[in-house]
Structures are given as C-alpha cells and as structure tokens.
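Below is one structure; the comments refer to it alone.
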Amino acid sequence: MTNLAGEADKLGAYAQGRAVTKQDIDAVCDPVLDARAFQMTDAIGEGNYDRAMTLLGELLRMGEQPIYIMAAIGRQLRQIWSARLALENGRGESYVAQLWGMRSDWQARKLMQSARRYSLPWCREAVSLCQQADWELKLGRDGADVLTELLLRLAAQDRGR
C-alpha cells in the first residue's frame, strides 16, 4: 500500500484536477509488481509466451524476487489445472470461483477460458514443471535462468500439444 500511495500522489499532481486517464497513469506511474505478475500469468494462460517472457524481464528488472514470481506462475497453472478438471467433470465457473475464493465472475470466466485451451495431461505436466522449477530455485540456481527455462519449457509443451 505504501508503494500505491506514492503512485497515487504522483498521479494526483500530474492530473491536476482533471479526469485521470490511462495515458496519465502510463505517463507517471511505475508499474505495480503484483499487476505485472498477474499480466504475466495471464499471458501464460492465453498461450502468449512472448508477452510472458517480456513481462518476466520487466519483473526481474523491477527487482521482484524470483521465488515470488514462481509462486504466481505456479498458482496460475494450478488454477488452470483445477478449472480443466472442473470442465472434465461438468462443473462450471461458479464451482471454480468458489473453489479458489474468487469474488469476481470475470476471474472465473477468464480462468475457464484459459482451461479450455489445454488438455488435462498438459495441465498436469505444466504443474510438474513448476514444481521442478521451484525446487531448482530453492537449491540456489539463478532465478532468472530458472524462470526463463520454465517459460521456454511451457511454450515448447504448448506447441507440442
């Protein structure tokens, strides 16, 4: 929240009483780490690995810890897997929203949309790749290398499905 307060102050000074636009935000605000991590995992869910790789680079340059990025990727892929399982068993958005404690129908809809792109075996393997990458981070391997390799492996797996 401290970071957001500083960004809000900059935005308020820049906008000077007029309506705040996306252009105002882009002009003066630094991207918030959590928002970038969400965008990156969203790109993975869409199969847009070029965008995911770009966002990963931004997160690392912004100083985000690789273990936190890994946690975001792992969570997203576990959510996609659970949504795929829900689809396989005739469950819908409300089931997935309840399962993950989502407050927004939009989140559940987006997750189900991503899950429709992937097979159950793909989801299982993607979560397994995340577990391997997490282990490598905890063993002390370079975080940027581990995360880059993970995205490359996910992209290769996606293209081979």
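The way I read the labels, and the way they are meant: chains A, B, ... in the order of the structure tokens, residue 1 as the first residue of every chain, and ligand 1 as the first ligand shown, with later ones counted on from there.
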
Residue contacts of A:Ile73 (10 Å, only C-alpha atoms) excluding same-chain residues fewer than 5 positions away, as a PyMOL selection string: chain A and resi 37-38+40-42+44-45+67-68+78-79+127+130+147+150-151

Would you export the selected residues with N, CA and C atoms as a short mmCIF file (atom, residue, chain, number, x, y, z; two decimals), in the first residue's frame, please?
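Here's the written file again.cif:
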data_model
loop_
_atom_site.label_atom_id
_atom_site.label_comp_id
_atom_site.auth_asym_id
_atom_site.auth_seq_id
_atom_site.Cartn_x
_atom_site.Cartn_y
_atom_site.Cartn_z
N ALA A 37 2.91 -9.20 -12.44
CA ALA A 37 2.89 -10.66 -12.25
C ALA A 37 1.57 -11.23 -12.75
N PHE A 38 0.46 -10.55 -12.47
CA PHE A 38 -0.84 -11.00 -12.97
C PHE A 38 -0.86 -11.00 -14.49
N MET A 40 1.62 -11.31 -16.48
CA MET A 40 2.48 -12.37 -16.98
C MET A 40 1.77 -13.72 -16.91
N THR A 41 1.15 -14.02 -15.77
CA THR A 41 0.47 -15.31 -15.66
C THR A 41 -0.76 -15.35 -16.58
N ASP A 42 -1.38 -14.21 -16.80
CA ASP A 42 -2.49 -14.14 -17.74
C ASP A 42 -2.00 -14.47 -19.15
N ILE A 44 0.54 -16.36 -19.92
CA ILE A 44 0.79 -17.80 -19.94
C ILE A 44 -0.53 -18.54 -20.17
N GLY A 45 -1.58 -18.13 -19.46
CA GLY A 45 -2.89 -18.76 -19.62
C GLY A 45 -3.44 -18.63 -21.02
N ILE A 67 11.43 -16.11 -6.49
CA ILE A 67 10.57 -17.07 -5.78
C ILE A 67 9.12 -16.59 -5.74
N TYR A 68 8.90 -15.26 -5.69
CA TYR A 68 7.54 -14.72 -5.71
C TYR A 68 6.92 -14.84 -7.10
N ARG A 78 -1.87 -24.02 -11.42
CA ARG A 78 -2.72 -24.90 -10.59
C ARG A 78 -4.19 -24.53 -10.76
N GLN A 79 -4.47 -23.23 -10.88
CA GLN A 79 -5.85 -22.80 -11.11
C GLN A 79 -6.35 -23.30 -12.47
N VAL A 127 2.10 -28.15 -14.24
CA VAL A 127 2.24 -28.04 -12.79
C VAL A 127 3.50 -28.78 -12.33
N CYS A 130 6.45 -26.63 -12.95
CA CYS A 130 6.53 -25.59 -11.92
C CYS A 130 7.16 -26.12 -10.64
N LEU A 147 13.46 -19.29 -14.23
CA LEU A 147 12.17 -18.82 -14.72
C LEU A 147 12.12 -18.75 -16.24
N LEU A 150 11.70 -22.22 -17.46
CA LEU A 150 10.33 -22.67 -17.22
C LEU A 150 9.41 -22.16 -18.32
N LEU A 151 9.50 -20.88 -18.64
CA LEU A 151 8.64 -20.34 -19.70
C LEU A 151 8.93 -21.00 -21.05
#

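Close contacts of A:Gln98, defined as residues with an atom at most 12 Å away when counting only C-alpha atoms, with chain neighbours fewer than 3 positions off set aside, comprise Gln79, Ser82, Ala83, Ala86, Arg91, Gly92, Glu93, Ser94, Tyr95, Gly101, Met102, Arg103, Ser104, Asp105, Gln107 and Ala108 of chain A.
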
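Taking only C-alpha atoms into account, A:Met53 lies nearest to A:Ala155 out of the set A:Ala13, A:Leu139, A:Ala155, A:Ala72.
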
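Note that atom CA of A:Leu154 and atom CA of A:Tyr118 are 11.6 Å apart.
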
Separation of atom CA of A:Leu56 from atom CA of A:Leu137 in Å: 15.4 Å

Which of chain A fall in helix (DSSP H, G or I), as an MDAnalysis selection string: chainID A and resid 2:15 22:28 33:46 49:61 66:88 93:100 105:116 120:138 143:159

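When atom CA of A:Gln39 is paired with atom CA of A:Asn89, their separation reads 28.4 Å.
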
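Among the candidates A:Leu85, A:Val146, A:Ala15, A:Leu55, the residue lying nearest to A:Leu99 is A:Leu85 (atoms considered: only C-alpha atoms).
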